[in-house]
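K.L.:
After the structure tokens below, expect a handful of questions from me.
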Amino acid sequence: MRETLPLGRIAGVRVGLHWSVLVIVALVTAMLAGGRFPDAHPGHSAFAYSALALLTALAFLASLLAHELAHAVVARRNGVQVEGITLWMLGGVARLRTEAPTPAAELRIAGVGPLTSAVLGAALTGLTLWLDALGVSGLVVEAVAWLAAINLVLAVFNAVPAAPLDGGRLLRAFLWHRTGDPVRATRSASAAGRALGWFMVVTGFAAVLFRGNLSGLWPALIGWFLIAAATEEARHAELGGVLAGLPVRQVMTRDPVTVPATATVAGFLAEGPFGAYRHSAFPVLAPDGAPAGLVTVRLVNRVPLQARPTTTIADVMRPLADVATGAPDEPVVDLLPRLETSADRRALVLDAGRVVGIVTLADVSRAVSWLTATTRPRA
């Protein structure tokens, strides 16, 4: 899940929003302003309901962010690199660059999320009671009470032992500790996730079809996401078993053809890089030789013919901050999630601040095919 709007860094972790987060803000705002608030406390203006509902929806997003930040902070303390956090329509995603090194680390990283939501829910429950005792407007008390309830629901739901929920990772940590096999543990947690997902899809659509309750579409949508995510986790686990111990240097293209950031698009094309080398992507270097980004055929082709003599590669390249990167000795299985979510399905391989290679998703696929073929039992 790639961010659409970066928000900066919190506690050293990059935070961003995906455009779909507007959906959840709109849904929560509409639900509260058009239903819960007027029903519980009639007599206020439509503006009051809408303004408070919007503030409540934003506070809900803040609680989701706190949940994901807790994951990210604990992950970093356990030696797991964190790429960032993205809030989107179905909640938040903390993107971890590497897997937890031990079952105990997995337990701590996964468990802190529901714990954070539970603590927030308890604190907001106390705040609700305090505000009510002070005689604060019932509408405000209602908003805080809803936030308390939704955080407690998040804590309970996320603790369900089914991947990709936090409870699924807790189950994986337990099974990993018990069996010593992380791949087998992931398979079991993913199977539980798919079962939960299908249950939510079936019951959600049943509510729509037999009761005419359109709100059933929401659990059905979440269930579909759980099925897809759990299936993806199982696939990654299988790939992890195949790629175990394989470093990036064994699948990358070494010493790729590079292009200076100061070169013009016309000058770059005049050298005939596509005909001579038949590459479709090139690392871009700053004047001091440091990596600056990546330029692809697609990006070059977007430049109008008349603008190419005056447009530099730096003007059209994808900046290094937006390019997936890895290290030569990094396990391929750790780089794979970044490759799959990168815009170009490519990663630059950096060593001591220099470009030493480039790796694509196709390179990894070929490695998987070769390893699978060489380890397949013969009849």
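Here's how to read the names in the structure tokens: chain A, B, ... by the order shown, residue numbers from 1 in each chain, ligand numbers from 1 in the order shown.
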Based on DSSP run over this structure's backbone, return all residues of segment 89-326 of chain A in alpha helix (DSSP H), as a ChimeraX atom specification.

P.N.:
/A:103-134,138-158,166-179,182-211,217-243,265-270,273-277,297-301,313-316

K.L.:
Have a look at A:Phe210, A:Ala266, A:Ala327, A:Ala118 and name the one nearest to Val303 of chain A; count only C-alpha atoms.

P.N.:
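Once distances to Val303 of chain A are computed over only C-alpha atoms, the minimum belongs to A:Ala266.
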
K.L.:
Taking only segment 122-316 of chain A into account, list the residues labelled strand (DSSP E) by DSSP (computed from the backbone), as a ChimeraX atom specification.

P.N.:
/A:253-254,259-260,281-285,291-296

K.L.:
Would you put the residues from that selection into a file with N, CA, C and O atoms, as a PDB file, in the first residue's frame?

P.N.:
```
ATOM      1  N   THR A 253      21.517  -7.870 -11.321  1.00  0.00           N
ATOM      2  CA  THR A 253      22.375  -7.566 -12.468  1.00  0.00           C
ATOM      3  C   THR A 253      23.494  -6.661 -11.960  1.00  0.00           C
ATOM      4  O   THR A 253      23.233  -5.573 -11.447  1.00  0.00           O
ATOM      5  N   ARG A 254      24.718  -7.128 -12.103  1.00  0.00           N
ATOM      6  CA  ARG A 254      25.852  -6.386 -11.544  1.00  0.00           C
ATOM      7  C   ARG A 254      26.259  -5.225 -12.455  1.00  0.00           C
ATOM      8  O   ARG A 254      26.109  -5.300 -13.672  1.00  0.00           O
ATOM      9  N   VAL A 259      23.305   6.558 -15.767  1.00  0.00           N
ATOM     10  CA  VAL A 259      23.188   7.795 -16.526  1.00  0.00           C
ATOM     11  C   VAL A 259      23.341   8.965 -15.558  1.00  0.00           C
ATOM     12  O   VAL A 259      22.841   8.910 -14.428  1.00  0.00           O
ATOM     13  N   PRO A 260      24.063  10.025 -15.951  1.00  0.00           N
ATOM     14  CA  PRO A 260      24.213  11.191 -15.069  1.00  0.00           C
ATOM     15  C   PRO A 260      22.899  11.960 -14.941  1.00  0.00           C
ATOM     16  O   PRO A 260      22.146  12.095 -15.903  1.00  0.00           O
ATOM     17  N   ALA A 281      15.544   0.325 -17.776  1.00  0.00           N
ATOM     18  CA  ALA A 281      15.674   1.170 -16.593  1.00  0.00           C
ATOM     19  C   ALA A 281      17.155   1.394 -16.301  1.00  0.00           C
ATOM     20  O   ALA A 281      17.975   0.497 -16.521  1.00  0.00           O
ATOM     21  N   PHE A 282      17.463   2.587 -15.803  1.00  0.00           N
ATOM     22  CA  PHE A 282      18.852   2.955 -15.566  1.00  0.00           C
ATOM     23  C   PHE A 282      18.984   3.695 -14.238  1.00  0.00           C
ATOM     24  O   PHE A 282      18.251   4.661 -13.995  1.00  0.00           O
ATOM     25  N   PRO A 283      19.914   3.279 -13.371  1.00  0.00           N
ATOM     26  CA  PRO A 283      20.204   4.065 -12.183  1.00  0.00           C
ATOM     27  C   PRO A 283      20.746   5.434 -12.589  1.00  0.00           C
ATOM     28  O   PRO A 283      21.499   5.549 -13.556  1.00  0.00           O
ATOM     29  N   VAL A 284      20.331   6.463 -11.862  1.00  0.00           N
ATOM     30  CA  VAL A 284      20.779   7.826 -12.136  1.00  0.00           C
ATOM     31  C   VAL A 284      21.770   8.236 -11.052  1.00  0.00           C
ATOM     32  O   VAL A 284      21.520   8.021  -9.856  1.00  0.00           O
ATOM     33  N   LEU A 285      22.906   8.828 -11.478  1.00  0.00           N
ATOM     34  CA  LEU A 285      23.946   9.212 -10.536  1.00  0.00           C
ATOM     35  C   LEU A 285      24.071  10.721 -10.439  1.00  0.00           C
ATOM     36  O   LEU A 285      23.978  11.437 -11.439  1.00  0.00           O
ATOM     37  N   PRO A 291      24.106   7.599  -5.806  1.00  0.00           N
ATOM     38  CA  PRO A 291      22.822   7.316  -6.459  1.00  0.00           C
ATOM     39  C   PRO A 291      21.822   8.431  -6.214  1.00  0.00           C
ATOM     40  O   PRO A 291      21.692   8.929  -5.090  1.00  0.00           O
ATOM     41  N   ALA A 292      21.131   8.840  -7.288  1.00  0.00           N
ATOM     42  CA  ALA A 292      20.159   9.935  -7.186  1.00  0.00           C
ATOM     43  C   ALA A 292      18.745   9.466  -7.482  1.00  0.00           C
ATOM     44  O   ALA A 292      17.780  10.119  -7.080  1.00  0.00           O
ATOM     45  N   GLY A 293      18.593   8.359  -8.210  1.00  0.00           N
ATOM     46  CA  GLY A 293      17.255   7.896  -8.544  1.00  0.00           C
ATOM     47  C   GLY A 293      17.295   6.837  -9.624  1.00  0.00           C
ATOM     48  O   GLY A 293      18.323   6.178  -9.857  1.00  0.00           O
ATOM     49  N   LEU A 294      16.174   6.693 -10.313  1.00  0.00           N
ATOM     50  CA  LEU A 294      16.029   5.686 -11.364  1.00  0.00           C
ATOM     51  C   LEU A 294      15.201   6.285 -12.492  1.00  0.00           C
ATOM     52  O   LEU A 294      14.183   6.933 -12.250  1.00  0.00           O
ATOM     53  N   VAL A 295      15.643   6.068 -13.723  1.00  0.00           N
ATOM     54  CA  VAL A 295      14.877   6.533 -14.877  1.00  0.00           C
ATOM     55  C   VAL A 295      14.524   5.321 -15.736  1.00  0.00           C
ATOM     56  O   VAL A 295      15.331   4.396 -15.896  1.00  0.00           O
ATOM     57  N   THR A 296      13.309   5.313 -16.263  1.00  0.00           N
ATOM     58  CA  THR A 296      12.832   4.194 -17.072  1.00  0.00           C
ATOM     59  C   THR A 296      12.403   4.678 -18.449  1.00  0.00           C
ATOM     60  O   THR A 296      12.227   5.882 -18.672  1.00  0.00           O
TER      61      THR A 296
END
```

K.L.:
Of the candidates A:Ala237, A:Leu209, A:Val140, A:Ala290, which one gets nearest to Ala189 of chain A if we count only C-alpha atoms?

P.N.:
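Of all the options, A:Ala237 lies closest to Ala189 of chain A.
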
K.L.:
Please report, as JSON lines, each residue of segment 117-144 of chain A lying at most 12 Å from segment 61-71 of chain A, together with the nearest pair of atoms and the separation in Å rounded to one decimal; use only C-alpha atoms, and order rows by chain and ascending residue number.

P.N.:
```
{"residue": "A:Ser117", "atom": "CA", "partner": "A:His67", "partner_atom": "CA", "distance": 6.1}
{"residue": "A:Ala118", "atom": "CA", "partner": "A:His67", "partner_atom": "CA", "distance": 9.7}
{"residue": "A:Val119", "atom": "CA", "partner": "A:His67", "partner_atom": "CA", "distance": 10.3}
{"residue": "A:Leu120", "atom": "CA", "partner": "A:Ser63", "partner_atom": "CA", "distance": 7.6}
{"residue": "A:Gly121", "atom": "CA", "partner": "A:Ser63", "partner_atom": "CA", "distance": 9.5}
{"residue": "A:Ala123", "atom": "CA", "partner": "A:Ser63", "partner_atom": "CA", "distance": 11.9}
{"residue": "A:Leu124", "atom": "CA", "partner": "A:Ser63", "partner_atom": "CA", "distance": 10.9}
```

K.L.:
Since we have the selection now, will you write its residues out, keeping all heavy atoms, as a short mmCIF file (atom, residue, chain, number, x, y, z; two decimals), in the first residue's frame?

P.N.:
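Output below, filename part-v5.cif:
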```cif
data_model
loop_
_atom_site.label_atom_id
_atom_site.label_comp_id
_atom_site.auth_asym_id
_atom_site.auth_seq_id
_atom_site.Cartn_x
_atom_site.Cartn_y
_atom_site.Cartn_z
N SER A 117 -4.51 -0.16 21.39
CA SER A 117 -5.93 0.15 21.18
C SER A 117 -6.73 -0.06 22.46
O SER A 117 -7.65 0.72 22.78
CB SER A 117 -6.50 -0.71 20.05
OG SER A 117 -5.91 -0.37 18.82
N ALA A 118 -6.41 -1.12 23.22
CA ALA A 118 -7.12 -1.38 24.47
C ALA A 118 -6.86 -0.28 25.49
O ALA A 118 -7.78 0.17 26.19
CB ALA A 118 -6.70 -2.74 25.03
N VAL A 119 -5.60 0.16 25.58
CA VAL A 119 -5.26 1.23 26.52
C VAL A 119 -5.98 2.53 26.12
O VAL A 119 -6.53 3.24 26.98
CB VAL A 119 -3.74 1.44 26.58
CG1 VAL A 119 -3.39 2.73 27.33
CG2 VAL A 119 -3.06 0.25 27.23
N LEU A 120 -5.99 2.83 24.82
CA LEU A 120 -6.71 4.01 24.35
C LEU A 120 -8.20 3.91 24.67
O LEU A 120 -8.83 4.88 25.11
CB LEU A 120 -6.52 4.18 22.84
CG LEU A 120 -5.21 4.80 22.37
CD1 LEU A 120 -5.11 4.74 20.85
CD2 LEU A 120 -5.09 6.25 22.84
N GLY A 121 -8.77 2.72 24.44
CA GLY A 121 -10.19 2.52 24.73
C GLY A 121 -10.49 2.71 26.21
O GLY A 121 -11.49 3.35 26.57
N ALA A 123 -8.67 4.46 28.39
CA ALA A 123 -8.47 5.88 28.74
C ALA A 123 -9.64 6.74 28.28
O ALA A 123 -10.10 7.62 29.02
CB ALA A 123 -7.17 6.37 28.11
N LEU A 124 -10.14 6.46 27.08
CA LEU A 124 -11.27 7.24 26.58
C LEU A 124 -12.56 6.92 27.33
O LEU A 124 -13.43 7.79 27.49
CB LEU A 124 -11.44 6.97 25.08
CG LEU A 124 -10.37 7.59 24.18
CD1 LEU A 124 -10.43 6.99 22.77
CD2 LEU A 124 -10.54 9.11 24.12
#
```

K.L.:
With distances taken over only C-alpha atoms, which residue among A:Thr311, A:Thr98, A:Thr372, A:Asn158 lies nearest Leu239 of chain A?

P.N.:
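The closest residue to Leu239 of chain A is A:Thr372.
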
K.L.:
Please list as a ChimeraX atom specification every residue within 12 Å of Phe60 of chain A, counting only C-alpha atoms and excluding residues in the same chain fewer than 4 positions away.

P.N.:
/A:21,24-25,27-29,53-56,64-67,87,91-92,117,120-121,124,143-152,154

K.L.:
Mind writing the picked residues with C-alpha atoms as a short mmCIF file (atom, residue, chain, number, x, y, z; two decimals), in the first residue's frame?

P.N.:
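Done, and the output landed in result-v9.cif:
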```
data_model
loop_
_atom_site.label_atom_id
_atom_site.label_comp_id
_atom_site.auth_asym_id
_atom_site.auth_seq_id
_atom_site.Cartn_x
_atom_site.Cartn_y
_atom_site.Cartn_z
CA VAL A 21 -8.52 7.08 3.63
CA ILE A 24 -13.34 5.92 5.85
CA VAL A 25 -13.44 9.59 6.93
CA LEU A 27 -18.26 6.95 6.04
CA VAL A 28 -17.59 7.61 9.72
CA THR A 29 -18.63 11.25 9.38
CA ALA A 53 -18.59 13.92 13.39
CA LEU A 54 -15.69 15.07 11.22
CA LEU A 55 -13.53 15.77 14.29
CA THR A 56 -14.42 12.33 15.64
CA LEU A 64 -5.31 3.99 14.07
CA LEU A 65 -2.02 5.82 13.63
CA ALA A 66 -1.16 5.27 17.31
CA HIS A 67 -1.85 1.54 16.84
CA LEU A 87 -3.24 4.88 6.61
CA GLY A 91 -7.12 1.01 8.62
CA GLY A 92 -3.35 1.27 8.75
CA SER A 117 -5.93 0.15 21.18
CA LEU A 120 -6.71 4.01 24.35
CA GLY A 121 -10.19 2.52 24.73
CA LEU A 124 -11.27 7.24 26.58
CA ALA A 143 -18.38 11.39 20.54
CA VAL A 144 -15.77 10.42 23.14
CA ALA A 145 -17.81 7.34 24.09
CA TRP A 146 -17.90 6.25 20.44
CA LEU A 147 -14.11 6.64 20.19
CA ALA A 148 -13.69 4.58 23.35
CA ALA A 149 -15.95 1.83 22.02
CA ILE A 150 -14.36 1.70 18.57
CA ASN A 151 -10.86 1.38 20.06
CA LEU A 152 -11.98 -1.47 22.29
CA LEU A 154 -10.33 -2.68 17.33
#
```

K.L.:
Of the residues A:Trp88, A:Phe37, A:Phe225, A:Phe205, which is the one nearest to Leu139 of chain A, using only C-alpha atoms?

P.N.:
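Ranking A:Trp88, A:Phe37, A:Phe225, A:Phe205 by distance to Leu139 of chain A, first place goes to A:Phe37.
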
K.L.:
Would you tabulate, counting only C-alpha atoms, all residues of segment 223-245 of chain A that have an atom at most 9 Å from an atom of segment 164-176 of chain A, showing the closest pair of atoms and their distance in Å to one decimal, sorted by chain then ascending number, as JSON lines?

P.N.:
```
{"residue": "A:Leu226", "atom": "CA", "partner": "A:Pro164", "partner_atom": "CA", "distance": 6.7}
{"residue": "A:Ile227", "atom": "CA", "partner": "A:Pro164", "partner_atom": "CA", "distance": 9.0}
{"residue": "A:Ala229", "atom": "CA", "partner": "A:Pro164", "partner_atom": "CA", "distance": 6.2}
{"residue": "A:Ala230", "atom": "CA", "partner": "A:Pro164", "partner_atom": "CA", "distance": 5.6}
{"residue": "A:Glu233", "atom": "CA", "partner": "A:Pro164", "partner_atom": "CA", "distance": 7.5}
```

K.L.:
Quick one: pull the distance between atom CA of Thr125 of chain A and atom CA of Val74 of chain A, Å, one decimal.

P.N.:
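Atom CA of Val74 of chain A lies 25.4 Å from atom CA of Thr125 of chain A.
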
K.L.:
Would you work out the distance separating atom CA of Leu361 of chain A from atom CA of Ile313 of chain A, expressed in Å to one decimal?

P.N.:
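Separation of atom CA of Leu361 of chain A and atom CA of Ile313 of chain A: 24.1 Å.
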
K.L.:
Kindly indicate which residue among A:Glu142, A:Ala94, A:Leu134, A:Gln250 lies nearest to Pro38 of chain A, using only C-alpha atoms for the distances.

P.N.:
A:Glu142

K.L.:
So how far away is atom CA of Arg298 of chain A from atom CA of Val265 of chain A, in Å?

P.N.:
12.5 Å

K.L.:
Rank A:Val15, A:Ala59, A:Ala192, A:Leu305 by their smallest atom-to-atom distance to Glu83 of chain A, using only C-alpha atoms, and report the top residue only.

P.N.:
A:Val15

K.L.:
Can you pull out every residue within 9 Å of Pro247 of chain A, counting only C-alpha atoms, but drop anything in the same chain fewer than 2 positions away, and send it as a short mmCIF file (atom, residue, chain, number, x, y, z; two decimals) with N, CA, C and O atoms, in the first residue's frame?

P.N.:
```
data_model
loop_
_atom_site.label_atom_id
_atom_site.label_comp_id
_atom_site.auth_asym_id
_atom_site.auth_seq_id
_atom_site.Cartn_x
_atom_site.Cartn_y
_atom_site.Cartn_z
N LEU A 243 13.56 -19.35 -0.99
CA LEU A 243 14.66 -18.39 -1.13
C LEU A 243 15.54 -18.30 0.11
O LEU A 243 16.43 -17.44 0.16
N ALA A 244 15.29 -19.13 1.10
CA ALA A 244 16.03 -19.05 2.36
C ALA A 244 17.54 -19.07 2.12
O ALA A 244 18.06 -19.95 1.44
N GLY A 245 18.21 -18.07 2.67
CA GLY A 245 19.67 -18.02 2.57
C GLY A 245 20.21 -17.44 1.29
O GLY A 245 21.42 -17.27 1.15
N ARG A 249 22.82 -10.42 -4.00
CA ARG A 249 23.91 -10.38 -4.98
C ARG A 249 23.84 -11.52 -5.99
O ARG A 249 24.34 -11.40 -7.10
N GLN A 250 23.18 -12.63 -5.62
CA GLN A 250 23.11 -13.77 -6.53
C GLN A 250 22.00 -13.66 -7.57
O GLN A 250 21.96 -14.47 -8.51
N VAL A 251 21.12 -12.70 -7.42
CA VAL A 251 20.04 -12.55 -8.42
C VAL A 251 20.10 -11.21 -9.13
O VAL A 251 19.42 -11.01 -10.13
N ALA A 327 20.57 -4.20 -0.17
CA ALA A 327 22.01 -4.39 -0.02
C ALA A 327 22.42 -5.73 -0.62
O ALA A 327 21.60 -6.65 -0.67
N PRO A 328 23.67 -5.86 -1.08
CA PRO A 328 24.09 -7.11 -1.75
C PRO A 328 23.93 -8.35 -0.88
O PRO A 328 23.58 -9.42 -1.38
N ASP A 329 24.19 -8.21 0.42
CA ASP A 329 24.13 -9.38 1.30
C ASP A 329 22.78 -9.54 1.98
O ASP A 329 22.60 -10.45 2.79
N GLU A 330 21.83 -8.68 1.65
CA GLU A 330 20.50 -8.79 2.22
C GLU A 330 19.78 -10.01 1.64
O GLU A 330 19.89 -10.29 0.44
N PRO A 331 19.05 -10.76 2.46
CA PRO A 331 18.29 -11.89 1.91
C PRO A 331 17.25 -11.42 0.89
O PRO A 331 16.57 -10.41 1.10
N VAL A 332 17.14 -12.14 -0.20
CA VAL A 332 16.17 -11.79 -1.24
C VAL A 332 14.76 -11.75 -0.68
O VAL A 332 13.95 -10.90 -1.05
N VAL A 333 14.46 -12.65 0.26
CA VAL A 333 13.11 -12.72 0.80
C VAL A 333 12.74 -11.45 1.56
O VAL A 333 11.57 -11.08 1.63
#
```
